[in-house]
Amino acid sequence: MNFVSKILGIAAIAAVAPFAQLAPEPQMADVKLMQDTTTNQPMKMDFSKPLSGISDPGILFSQFANRPLLIYYFSPKCPHCQRHISEIQDLVKEYEPKGLTGIAIGLGGGIKKNDIRLFIDQFHVAIPVFQDSDYKFGPAYGTGYIPVVYVVQKDGTFYRYETLNEANMNHMRATLNKMFK
């Protein structure tokens, strides 16, 4: 190999090397505060919605008003809901010391309370669990799909995460980090 070839080879490696060290930017979803379509103002979570306490029958949804809250809306028989519950509980545990509270709300309709109790036992659910037994929560805030995660700010305004992909999880973390600065 002649001198010029060596120099060109080294230059080619040097030109590529800096790019090899750069990690790709994490994907970030563009999730906005939920808006009331009639007023175009941010929606607020209605803590008077009638939910049935499953893990604690005496607990009321209204007890979670005026504080940072993460809500996991799920069905106990949904494989996606089953897969994501531990990830959601880990996220709640991580931010609990900063002031976050987490709850889960199971679907109403044809879902029995025993199905939700089995879900709690099988997936070691430690956060308080409710059921939307009168089906008032889902139609007001849902998407028709599950699971859905809501990050509620102290003032009641909230973000709705319709899928739990990496981009949404990154946005959720960024939102929680801003809430607890």
# chains A, B, ... in the order shown; residues from 1 in each chain; ligands from 1
$ residues_around --residues "His84 (chain A)" --least-positions-apart "3" --cutoff "12 Å" --atoms "only C-alpha atoms" --output "list of chain:residue names"
A:Tyr72, A:Tyr73, A:Phe74, A:Ser75, A:Pro76, A:Cys78, A:Pro79, A:His80, A:Cys81, A:Glu87, A:Ile88, A:Gln89, A:Asp90, A:Leu91, A:Ala104, A:Phe123, A:Val125, A:Ile146, A:Pro147, A:Val148, A:Val149, A:Thr163, A:Leu164, A:Asn165, A:Met169
$ closest_atom_pairs --of "region 84-146 of chain A" --to "region 44-55 of chain A" --cutoff "7 Å" --atoms "only C-alpha atoms" --output "CSV"
residue,atom,partner,partner_atom,distance
A:Pro128,CA,A:Ser55,CA,5.8
A:Val129,CA,A:Ser55,CA,5.3
A:Phe130,CA,A:Gly53,CA,4.5
A:Gln131,CA,A:Ser52,CA,5.1
A:Asp132,CA,A:Leu51,CA,5.1
A:Ser133,CA,A:Leu51,CA,6.5
A:Asp134,CA,A:Pro50,CA,7.0
A:Lys136,CA,A:Lys49,CA,6.5
A:Phe137,CA,A:Lys49,CA,6.5
$ write_last_selection --atoms "N, CA, C and O atoms" --output "PDB file, in the first residue's frame"
ATOM      1  N   PRO A 128     -54.042   1.782  43.901  1.00  0.00           N
ATOM      2  CA  PRO A 128     -55.487   1.612  44.082  1.00  0.00           C
ATOM      3  C   PRO A 128     -56.177   1.338  42.741  1.00  0.00           C
ATOM      4  O   PRO A 128     -55.851   1.963  41.726  1.00  0.00           O
ATOM      5  N   VAL A 129     -57.141   0.412  42.764  1.00  0.00           N
ATOM      6  CA  VAL A 129     -57.845   0.026  41.538  1.00  0.00           C
ATOM      7  C   VAL A 129     -59.343   0.273  41.705  1.00  0.00           C
ATOM      8  O   VAL A 129     -59.936  -0.098  42.716  1.00  0.00           O
ATOM      9  N   PHE A 130     -59.911   0.910  40.696  1.00  0.00           N
ATOM     10  CA  PHE A 130     -61.341   1.197  40.623  1.00  0.00           C
ATOM     11  C   PHE A 130     -61.932   0.445  39.434  1.00  0.00           C
ATOM     12  O   PHE A 130     -61.211  -0.061  38.588  1.00  0.00           O
ATOM     13  N   GLN A 131     -63.262   0.469  39.357  1.00  0.00           N
ATOM     14  CA  GLN A 131     -63.945  -0.016  38.167  1.00  0.00           C
ATOM     15  C   GLN A 131     -64.908   1.066  37.695  1.00  0.00           C
ATOM     16  O   GLN A 131     -65.607   1.694  38.498  1.00  0.00           O
ATOM     17  N   ASP A 132     -64.937   1.249  36.398  1.00  0.00           N
ATOM     18  CA  ASP A 132     -65.852   2.183  35.750  1.00  0.00           C
ATOM     19  C   ASP A 132     -67.183   1.449  35.543  1.00  0.00           C
ATOM     20  O   ASP A 132     -67.645   1.266  34.427  1.00  0.00           O
ATOM     21  N   SER A 133     -67.789   1.015  36.653  1.00  0.00           N
ATOM     22  CA  SER A 133     -68.950   0.128  36.582  1.00  0.00           C
ATOM     23  C   SER A 133     -70.173   0.779  35.939  1.00  0.00           C
ATOM     24  O   SER A 133     -70.960   0.099  35.295  1.00  0.00           O
ATOM     25  N   ASP A 134     -70.341   2.093  36.087  1.00  0.00           N
ATOM     26  CA  ASP A 134     -71.461   2.782  35.442  1.00  0.00           C
ATOM     27  C   ASP A 134     -71.093   3.284  34.046  1.00  0.00           C
ATOM     28  O   ASP A 134     -71.892   3.959  33.397  1.00  0.00           O
ATOM     29  N   LYS A 136     -69.041   5.674  33.014  1.00  0.00           N
ATOM     30  CA  LYS A 136     -69.089   7.135  32.897  1.00  0.00           C
ATOM     31  C   LYS A 136     -67.720   7.716  32.558  1.00  0.00           C
ATOM     32  O   LYS A 136     -67.629   8.765  31.934  1.00  0.00           O
ATOM     33  N   PHE A 137     -66.644   7.026  32.976  1.00  0.00           N
ATOM     34  CA  PHE A 137     -65.295   7.536  32.740  1.00  0.00           C
ATOM     35  C   PHE A 137     -64.885   7.327  31.279  1.00  0.00           C
ATOM     36  O   PHE A 137     -64.467   8.259  30.611  1.00  0.00           O
TER      37      PHE A 137
END
$ select_by_dssp --residues "region 25-71 of chain A" --states "strand (DSSP E or B)" --output "JSON, numbers by chain"
{"A": [33, 35, 42, 44, 52, 53, 69, 70, 71]}
$ residues_around --residues "Thr143 (chain A)" --least-positions-apart "5" --cutoff "10 Å" --atoms "only C-alpha atoms" --output "ChimeraX atom specification"
/A:138,148,160-162
